[in-house]
file work.csv (CSV, C-alpha atoms and all ligand atoms)
chain,number,residue,atom,x,y,z
O,10,MET,CA,-127.2,167.2,-90.7
O,11,ARG,CA,-125.7,170.5,-91.9
O,12,LYS,CA,-127.7,173.3,-93.4
O,13,SER,CA,-126.0,175.8,-95.6
O,14,ASN,CA,-127.7,178.8,-93.9
O,15,VAL,CA,-126.3,177.8,-90.4
O,16,ASP,CA,-124.3,180.5,-88.7
O,17,LEU,CA,-121.0,178.9,-87.9
O,18,TYR,CA,-120.3,181.6,-85.3
O,19,ASP,CA,-123.5,181.3,-83.4
O,20,PRO,CA,-122.4,180.3,-79.9
O,21,GLU,CA,-125.3,177.8,-79.7
O,22,TYR,CA,-124.1,176.1,-82.9
O,23,VAL,CA,-120.5,176.1,-81.6
O,24,SER,CA,-121.5,174.7,-78.3
O,25,GLY,CA,-123.5,171.9,-79.9
O,26,MET,CA,-120.7,171.1,-82.2
O,27,PHE,CA,-118.3,170.7,-79.3
O,28,ASP,CA,-120.9,168.7,-77.4
O,29,ARG,CA,-120.8,166.2,-80.2
O,30,MET,CA,-117.1,166.3,-80.7
O,31,SER,CA,-116.4,165.8,-76.9
O,32,LYS,CA,-116.8,162.0,-77.4
O,33,THR,CA,-113.8,161.8,-79.6
O,34,TYR,CA,-111.9,165.2,-79.1
O,35,GLY,CA,-109.1,163.8,-76.9
O,36,PHE,CA,-108.4,160.8,-79.2
O,37,ALA,CA,-108.7,162.9,-82.3
O,38,ASN,CA,-106.2,165.4,-81.0
O,39,LEU,CA,-103.7,162.7,-80.4
O,40,LEU,CA,-104.4,160.9,-83.7
O,41,THR,CA,-104.5,163.8,-86.1
O,42,SER,CA,-101.9,166.2,-84.8
O,43,PHE,CA,-98.9,164.0,-84.5
O,44,GLY,CA,-98.3,165.5,-81.1
O,45,PHE,CA,-98.1,169.0,-82.5
O,46,THR,CA,-101.1,170.3,-80.5
O,47,SER,CA,-99.4,169.2,-77.2
O,48,ARG,CA,-96.2,170.8,-78.2
O,49,TRP,CA,-98.0,174.1,-79.2
O,50,ARG,CA,-99.9,174.1,-75.9
O,51,ARG,CA,-96.6,173.8,-74.1
O,52,GLN,CA,-95.0,176.5,-76.2
O,53,CYS,CA,-98.0,178.9,-75.7
O,54,ILE,CA,-97.9,178.4,-71.9
O,55,GLY,CA,-94.1,178.7,-72.0
O,56,ASP,CA,-94.5,182.1,-73.7
O,57,LEU,CA,-96.8,183.5,-70.9
O,58,PRO,CA,-94.9,186.3,-69.3
O,59,PRO,CA,-93.8,185.3,-65.7
O,60,ILE,CA,-96.5,184.9,-63.1
O,61,LYS,CA,-96.4,184.3,-59.3
O,62,GLU,CA,-96.8,180.7,-58.1
O,63,SER,CA,-99.9,181.9,-56.2
O,64,ALA,CA,-101.4,183.4,-59.4
O,65,LYS,CA,-105.1,183.1,-60.1
O,66,GLY,CA,-106.2,183.2,-63.7
O,67,PHE,CA,-108.3,181.9,-66.6
O,68,ASP,CA,-108.0,179.1,-69.1
O,69,LEU,CA,-110.5,180.3,-71.7
O,70,MET,CA,-112.3,177.9,-74.1
O,71,SER,CA,-110.8,175.2,-71.8
O,72,GLY,CA,-112.3,172.1,-73.4
O,73,MET,CA,-111.6,169.1,-71.2
O,74,GLY,CA,-108.6,170.8,-69.6
O,75,GLU,CA,-106.0,169.9,-72.2
O,76,ALA,CA,-103.8,172.8,-71.0
O,77,TRP,CA,-104.0,172.3,-67.3
O,78,THR,CA,-101.0,170.1,-66.7
O,79,GLU,CA,-98.8,172.7,-68.3
O,80,ILE,CA,-100.5,175.6,-66.4
O,81,GLN,CA,-100.2,173.8,-63.1
O,82,LYS,CA,-96.4,173.7,-63.6
O,83,LEU,CA,-96.4,177.5,-63.2
O,84,ILE,CA,-98.6,177.7,-60.1
O,85,ASN,CA,-98.7,176.0,-56.7
O,86,SER,CA,-101.7,174.9,-54.7
O,87,LYS,CA,-102.4,178.5,-53.6
O,88,GLY,CA,-102.8,179.4,-57.3
O,89,GLN,CA,-106.0,178.8,-59.2
O,90,ILE,CA,-107.2,178.1,-62.7
O,91,ILE,CA,-110.7,179.2,-63.6
O,92,ALA,CA,-111.7,177.2,-66.6
O,93,VAL,CA,-114.3,178.7,-68.9
O,94,ASP,CA,-116.1,176.7,-71.6
O,95,ILE,CA,-119.5,177.0,-73.1
O,96,SER,CA,-120.1,173.3,-73.9
O,97,ASP,CA,-122.0,171.0,-71.5
O,98,GLU,CA,-120.2,167.9,-72.6
O,99,MET,CA,-116.8,169.4,-72.6
O,100,ASN,CA,-117.4,170.6,-69.0
O,101,ARG,CA,-118.7,167.2,-68.0
O,102,LYS,CA,-115.5,165.6,-69.2
O,103,ALA,CA,-113.5,168.5,-67.6
O,104,ALA,CA,-115.1,167.7,-64.2
O,105,LYS,CA,-114.0,164.1,-64.6
O,106,HIS,CA,-110.5,165.3,-65.5
O,107,ILE,CA,-110.3,167.4,-62.3
O,108,LYS,CA,-111.1,164.2,-60.2
O,109,ARG,CA,-108.0,162.6,-61.7
O,110,LEU,CA,-105.7,165.5,-60.8
O,111,LYS,CA,-103.5,165.6,-57.7
O,112,ASN,CA,-103.8,169.4,-57.5
O,113,LYS,CA,-107.5,170.2,-57.8
O,114,ASN,CA,-107.1,174.0,-57.8
O,115,ILE,CA,-109.5,174.3,-60.8
O,116,GLU,CA,-112.9,175.8,-60.9
O,117,LEU,CA,-115.2,175.2,-63.9
O,118,LYS,CA,-117.3,178.0,-65.3
O,119,GLN,CA,-119.8,177.1,-68.0
O,120,ILE,CA,-120.5,180.3,-69.7
O,121,ASN,CA,-120.2,182.0,-73.1
O,122,ILE,CA,-117.0,184.1,-72.6
O,123,LEU,CA,-118.5,186.8,-74.9
O,124,GLN,CA,-121.3,187.4,-72.3
O,125,ASN,CA,-119.6,186.9,-69.0
O,126,ASN,CA,-119.9,188.3,-65.5
O,127,ILE,CA,-116.3,187.8,-64.5
O,128,PRO,CA,-115.2,190.7,-62.2
O,129,SER,CA,-112.9,193.3,-63.8
O,130,GLU,CA,-109.2,193.2,-62.9
O,131,SER,CA,-109.6,189.8,-61.2
O,132,ALA,CA,-107.0,187.7,-63.2
O,133,ASP,CA,-103.2,187.4,-62.9
O,134,PHE,CA,-103.2,185.5,-66.2
O,135,VAL,CA,-105.3,184.5,-69.2
O,136,ILE,CA,-104.5,181.5,-71.3
O,137,SER,CA,-106.3,180.0,-74.2
O,138,THR,CA,-105.2,177.1,-76.5
O,139,PHE,CA,-107.1,176.5,-79.7
O,140,GLY,CA,-110.2,178.5,-78.7
O,141,LEU,CA,-110.0,181.4,-81.1
O,142,LYS,CA,-110.9,180.0,-84.5
O,143,THR,CA,-114.7,179.7,-83.7
O,144,PHE,CA,-114.9,183.5,-83.2
O,145,ASN,CA,-115.4,185.9,-86.2
O,146,ASP,CA,-113.7,189.3,-86.3
O,147,GLU,CA,-116.4,191.0,-84.4
O,148,GLN,CA,-116.4,188.4,-81.7
O,149,GLN,CA,-112.6,188.5,-81.5
O,150,ALA,CA,-112.9,192.3,-80.8
O,151,ILE,CA,-115.3,191.5,-77.9
O,152,LEU,CA,-112.9,188.8,-76.6
O,153,ALA,CA,-110.0,191.2,-76.7
O,154,LYS,CA,-112.0,193.8,-74.8
O,155,GLU,CA,-113.0,191.2,-72.2
O,156,ILE,CA,-109.4,190.0,-71.7
O,157,ALA,CA,-108.3,193.6,-71.2
O,158,ARG,CA,-111.1,194.1,-68.7
O,159,ILE,CA,-110.5,190.9,-66.7
O,160,LEU,CA,-106.7,191.1,-66.4
O,161,LYS,CA,-105.2,192.9,-63.4
O,162,PRO,CA,-102.7,195.7,-64.4
O,163,GLY,CA,-99.5,193.8,-65.0
O,164,GLY,CA,-101.4,190.6,-65.7
O,165,SER,CA,-100.1,188.2,-68.4
O,166,PHE,CA,-101.7,186.5,-71.3
O,167,SER,CA,-100.9,183.9,-74.0
O,168,LEU,CA,-103.2,182.5,-76.6
O,169,ILE,CA,-102.6,180.2,-79.6
O,170,GLU,CA,-104.6,178.9,-82.5
O,171,ILE,CA,-104.2,176.7,-85.6
O,172,SER,CA,-103.6,178.9,-88.6
O,173,GLU,CA,-103.0,179.0,-92.3
O,174,PRO,CA,-99.2,179.0,-93.0
O,175,LYS,CA,-97.9,181.8,-95.4
O,176,VAL,CA,-95.5,179.6,-97.4
O,177,LEU,CA,-97.7,178.4,-100.3
O,178,LEU,CA,-96.5,174.8,-100.5
O,179,LEU,CA,-96.9,174.3,-96.7
O,180,LYS,CA,-100.3,176.1,-96.9
O,181,TRP,CA,-101.6,173.7,-99.6
O,182,ILE,CA,-100.4,170.6,-97.8
O,183,TYR,CA,-101.6,171.8,-94.3
O,184,MET,CA,-105.0,172.9,-95.6
O,185,PHE,CA,-105.5,169.7,-97.6
O,186,TYR,CA,-104.7,167.9,-94.4
O,187,LEU,CA,-107.2,169.9,-92.3
O,188,LYS,CA,-110.0,170.0,-94.9
O,189,ILE,CA,-109.7,166.5,-96.4
O,190,ILE,CA,-107.6,164.1,-94.3
O,191,ILE,CA,-108.9,165.1,-90.9
O,192,PRO,CA,-112.6,164.7,-91.9
O,193,LEU,CA,-111.7,161.4,-93.4
O,194,ILE,CA,-110.0,160.3,-90.2
O,195,GLY,CA,-113.1,161.6,-88.4
O,196,LYS,CA,-115.3,159.5,-90.6
O,197,MET,CA,-113.2,156.3,-90.5
O,198,PHE,CA,-112.3,156.2,-86.9
O,199,LEU,CA,-114.5,158.6,-85.0
O,200,GLY,CA,-117.8,158.3,-86.8
O,201,ASN,CA,-118.0,162.1,-87.2
O,202,SER,CA,-116.7,163.6,-90.5
O,203,GLU,CA,-119.0,166.7,-90.6
O,204,ASP,CA,-117.8,168.3,-87.3
O,205,TYR,CA,-114.2,167.5,-88.1
O,206,ARG,CA,-114.6,169.1,-91.6
O,207,MET,CA,-115.5,172.3,-89.8
O,208,LEU,CA,-112.0,172.5,-88.4
O,209,GLY,CA,-110.6,173.3,-91.9
O,210,LYS,CA,-113.4,175.8,-92.5
O,211,TYR,CA,-112.9,177.7,-89.3
O,212,CYS,CA,-109.1,177.7,-89.8
O,213,ALA,CA,-109.4,179.0,-93.4
O,214,SER,CA,-111.6,181.9,-92.2
O,215,PHE,CA,-109.6,182.6,-89.1
O,216,LYS,CA,-106.3,182.7,-91.1
O,217,SER,CA,-104.1,183.7,-88.2
O,218,SER,CA,-104.0,185.4,-84.8
O,219,LYS,CA,-103.0,188.7,-86.5
O,220,HIS,CA,-106.5,190.3,-86.3
O,221,PHE,CA,-106.8,189.3,-82.7
O,222,HIS,CA,-103.3,190.7,-82.0
O,223,GLU,CA,-104.4,194.1,-83.5
O,224,ARG,CA,-107.6,194.1,-81.4
O,225,LEU,CA,-105.5,193.4,-78.2
O,226,ILE,CA,-103.3,196.4,-79.1
O,227,SER,CA,-106.4,198.5,-79.6
O,228,GLU,CA,-107.3,197.6,-76.0
O,229,ARG,CA,-103.9,198.9,-75.0
O,230,LEU,CA,-102.5,195.5,-74.1
O,231,LYS,CA,-98.8,195.0,-74.8
O,232,SER,CA,-99.3,192.2,-77.3
O,233,ASN,CA,-96.6,190.2,-79.2
O,234,TYR,CA,-97.4,188.1,-82.2
O,235,LYS,CA,-95.8,184.7,-82.8
O,236,ASN,CA,-95.6,182.0,-85.5
O,237,TYR,CA,-95.4,178.4,-84.3
O,238,PHE,CA,-93.9,175.9,-86.8
O,239,TYR,CA,-93.9,178.2,-89.9
O,240,GLY,CA,-97.3,179.7,-89.1
O,241,CYS,CA,-99.2,176.4,-88.8
O,242,ALA,CA,-100.2,177.9,-85.5
O,243,THR,CA,-100.0,181.5,-84.5
O,244,GLY,CA,-100.4,183.2,-81.1
O,245,VAL,CA,-100.2,186.3,-79.0
O,246,TYR,CA,-98.7,186.8,-75.7
O,247,GLY,CA,-98.0,189.8,-73.5
O,248,ILE,CA,-99.0,191.9,-70.5
O,249,LYS,CA,-101.6,194.5,-69.5
O,301,LIG,C1,-110.9,173.4,-80.0
O,301,LIG,S1,-111.5,173.4,-78.3
O,301,LIG,C2,-110.1,173.8,-77.4
O,301,LIG,C3,-110.0,173.0,-76.1
O,301,LIG,C4,-108.7,173.1,-75.3
O,301,LIG,N1,-108.4,174.4,-74.9
O,301,LIG,C5,-107.5,172.5,-76.1
O,301,LIG,O1,-106.4,173.0,-75.9
O,301,LIG,O2,-107.7,171.5,-76.8
O,301,LIG,C6,-112.4,174.9,-78.2
O,301,LIG,C7,-113.3,175.0,-77.0
O,301,LIG,O3,-113.8,176.4,-76.9
O,301,LIG,C8,-115.2,176.3,-76.4
O,301,LIG,N2,-115.9,177.5,-76.8
O,301,LIG,C9,-116.2,177.9,-78.0
O,301,LIG,N3,-116.9,179.1,-78.0
O,301,LIG,C10,-116.9,179.5,-76.7
O,301,LIG,C11,-117.5,180.6,-76.0
O,301,LIG,N4,-118.1,181.6,-76.7
O,301,LIG,N5,-117.4,180.7,-74.7
O,301,LIG,C12,-116.7,179.7,-74.0
O,301,LIG,N6,-116.2,178.6,-74.6
O,301,LIG,C13,-116.3,178.5,-75.9
O,301,LIG,C14,-115.7,175.0,-77.0
O,301,LIG,O4,-116.8,174.5,-76.3
O,301,LIG,C15,-114.5,174.1,-77.0
O,301,LIG,O5,-114.5,173.3,-75.8
call {"tool": "encode", "arguments": {"input": "work.csv", "output": "structure tokens", "more": "lines below"}}
Ligand SMILES: C[S@@+](CC[C@H](N)C(=O)[O-])C[C@H]1O[C@@H](n2cnc3c(N)ncnc32)[C@H](O)[C@@H]1O
result
Amino acid sequence: MRKSNVDLYDPEYVSGMFDRMSKTYGFANLLTSFGFTSRWRRQCIGDLPPIKESAKGFDLMSGMGEAWTEIQKLINSKGQIIAVDISDEMNRKAAKHIKRLKNKNIELKQINILQNNIPSESADFVISTFGLKTFNDEQQAILAKEIARILKPGGSFSLIEISEPKVLLLKWIYMFYLKIIIPLIGKMFLGNSEDYRMLGKYCASFKSSKHFHERLISERLKSNYKNYFYGCATGVYGIK
């Protein structure tokens, strides 16, 4: 059931949507991205400016922990990942994921990142993979402020999100894929076309990480902007 007057950026709505998608999110990722999302996660984490092996930091909008294997390659057992996600069900699956890991240096924090009580200057790094698109411009400004507050001076960050490519032909093909093919796959294989349809909608409104990059610069972070695969994903990385 989808009402036209629903606020797509209401954290409660977003959280409910990911609760529903949690049943199929892992499989859908694999099925619909041809391995691109794994590659982009790897590239995003590869672009994080160097951190100590004992670094402690945040995986924001962590989902079920899809980025942890890559983050754990950068830190040792003294290091720590604090995983932040608003969705009950995503966190439940994330807790199961931790049980399967050899290195269990991960703490789950179920909160809305836009209203958090994370101590200032407590993080050596902040990472986020595919967690930006469900924030509107105003929320992105709050998120940028929070990242600037949470990071220690000299702390590193890297975030990536699915985006709308600039090259027209690629944009048409990619958006057709996101808006039509993925919901169809959602309907045929995952029993959930509506929530997967939202992916294209969020992506079309988000466009790219450019706005977020500008907000980070306004917060005096040294942010670099990057295109991944001709702009099908875009990201930001840098230091405080
Ligand atoms: C597309 S998933 C990304 C999951 C994972 N990082 C990945 O690479 O696949 C986005 C996640 O962001 C979470 N999220 C959305 N809004 C949030 C908020 N305001 N605070 C915390 N988490 C949020 C959702 O619950 C969802 O699990």
call {"tool": "closest_residue", "arguments": {"input": "work.csv", "among": "O:Met197, O:Val23, O:Ala64, O:Leu57", "to": "ligand LIG 301 (chain O)", "atoms": "all atoms listed in the file"}}
result
O:Val23
call {"tool": "residues_around", "arguments": {"input": "work.csv", "residues": "Gln89 (chain O)", "least_positions_apart": "2", "cutoff": "6 Å", "atoms": "all atoms listed in the file", "output": "number ranges by chain"}}
result
O: 65, 114-115
call {"tool": "residues_near_point", "arguments": {"input": "work.csv", "point": "(-119.3, 180.3, -82.0)", "cutoff": "10 Å", "atoms": "all atoms listed in the file", "output": "VMD selection string"}}
result
chain O and resid 16 to 26 95 121 123 140 to 145 148
call {"tool": "closest_residue", "arguments": {"input": "work.csv", "among": "O:Lys188, O:Lys32, O:Lys235, O:Lys154", "to": "Lys249 (chain O)", "atoms": "all atoms listed in the file"}}
result
O:Lys154
call {"tool": "residues_near_ligand", "arguments": {"input": "work.csv", "ligand": "ligand LIG 301 (chain O)", "cutoff": "7 Å", "atoms": "all atoms listed in the file", "output": "number ranges by chain"}}
result
O: 20, 23-24, 27, 50, 69-76, 93-96, 99, 120-123, 137-140, 143
call {"tool": "decode", "arguments": {"input": "work.csv", "residues": "region 217-238 of chain O", "atoms": "N, CA and C atoms", "output": "mmCIF file, in the first residue's frame"}}
result
data_model
loop_
_atom_site.group_PDB
_atom_site.id
_atom_site.type_symbol
_atom_site.label_atom_id
_atom_site.label_comp_id
_atom_site.auth_asym_id
_atom_site.auth_seq_id
_atom_site.Cartn_x
_atom_site.Cartn_y
_atom_site.Cartn_z
ATOM 1 N N SER O 217 23.203 12.904 -7.374
ATOM 2 C CA SER O 217 24.610 12.545 -7.155
ATOM 3 C C SER O 217 25.016 13.023 -5.760
ATOM 4 N N SER O 218 26.252 12.676 -5.393
ATOM 5 C CA SER O 218 26.754 13.080 -4.067
ATOM 6 C C SER O 218 27.270 14.523 -4.053
ATOM 7 N N LYS O 219 27.036 15.262 -5.145
ATOM 8 C CA LYS O 219 27.574 16.635 -5.272
ATOM 9 C C LYS O 219 27.074 17.548 -4.139
ATOM 10 N N HIS O 220 25.757 17.504 -3.914
ATOM 11 C CA HIS O 220 25.184 18.384 -2.884
ATOM 12 C C HIS O 220 25.803 18.046 -1.523
ATOM 13 N N PHE O 221 25.915 16.759 -1.240
ATOM 14 C CA PHE O 221 26.484 16.326 0.036
ATOM 15 C C PHE O 221 27.955 16.770 0.140
ATOM 16 N N HIS O 222 28.671 16.658 -0.965
ATOM 17 C CA HIS O 222 30.070 17.106 -1.026
ATOM 18 C C HIS O 222 30.164 18.597 -0.642
ATOM 19 N N GLU O 223 29.259 19.390 -1.199
ATOM 20 C CA GLU O 223 29.266 20.830 -0.888
ATOM 21 C C GLU O 223 28.955 21.086 0.584
ATOM 22 N N ARG O 224 28.037 20.300 1.116
ATOM 23 C CA ARG O 224 27.698 20.455 2.548
ATOM 24 C C ARG O 224 28.910 20.102 3.425
ATOM 25 N N LEU O 225 29.642 19.064 3.039
ATOM 26 C CA LEU O 225 30.833 18.666 3.821
ATOM 27 C C LEU O 225 31.876 19.776 3.778
ATOM 28 N N ILE O 226 32.021 20.394 2.612
ATOM 29 C CA ILE O 226 32.981 21.499 2.486
ATOM 30 C C ILE O 226 32.531 22.675 3.364
ATOM 31 N N SER O 227 31.223 22.936 3.381
ATOM 32 C CA SER O 227 30.700 24.009 4.256
ATOM 33 C C SER O 227 31.030 23.723 5.711
ATOM 34 N N GLU O 228 31.140 22.435 6.043
ATOM 35 C CA GLU O 228 31.473 22.054 7.431
ATOM 36 C C GLU O 228 32.994 22.000 7.630
ATOM 37 N N ARG O 229 33.720 22.529 6.651
ATOM 38 C CA ARG O 229 35.187 22.625 6.694
ATOM 39 C C ARG O 229 35.900 21.270 6.671
ATOM 40 N N LEU O 230 35.259 20.287 6.083
ATOM 41 C CA LEU O 230 35.954 19.018 5.870
ATOM 42 C C LEU O 230 36.646 19.091 4.508
ATOM 43 N N LYS O 231 37.799 18.422 4.420
ATOM 44 C CA LYS O 231 38.505 18.398 3.123
ATOM 45 C C LYS O 231 37.903 17.266 2.311
ATOM 46 N N SER O 232 36.896 17.592 1.525
ATOM 47 C CA SER O 232 36.157 16.565 0.803
ATOM 48 C C SER O 232 36.555 16.513 -0.668
ATOM 49 N N ASN O 233 36.729 15.292 -1.182
ATOM 50 C CA ASN O 233 36.958 15.072 -2.616
ATOM 51 C C ASN O 233 35.723 14.371 -3.175
ATOM 52 N N TYR O 234 35.381 14.738 -4.399
ATOM 53 C CA TYR O 234 34.207 14.152 -5.052
ATOM 54 C C TYR O 234 34.680 13.150 -6.098
ATOM 55 N N LYS O 235 34.002 12.005 -6.193
ATOM 56 C CA LYS O 235 34.460 10.991 -7.150
ATOM 57 C C LYS O 235 33.296 10.311 -7.877
ATOM 58 N N ASN O 236 33.483 10.084 -9.187
ATOM 59 C CA ASN O 236 32.540 9.284 -9.979
ATOM 60 C C ASN O 236 33.008 7.841 -10.009
ATOM 61 N N TYR O 237 32.093 6.915 -9.831
ATOM 62 C CA TYR O 237 32.414 5.503 -9.977
ATOM 63 C C TYR O 237 31.630 4.975 -11.178
ATOM 64 N N PHE O 238 32.307 4.322 -12.075
ATOM 65 C CA PHE O 238 31.740 3.794 -13.316
ATOM 66 C C PHE O 238 30.834 4.833 -14.013
#
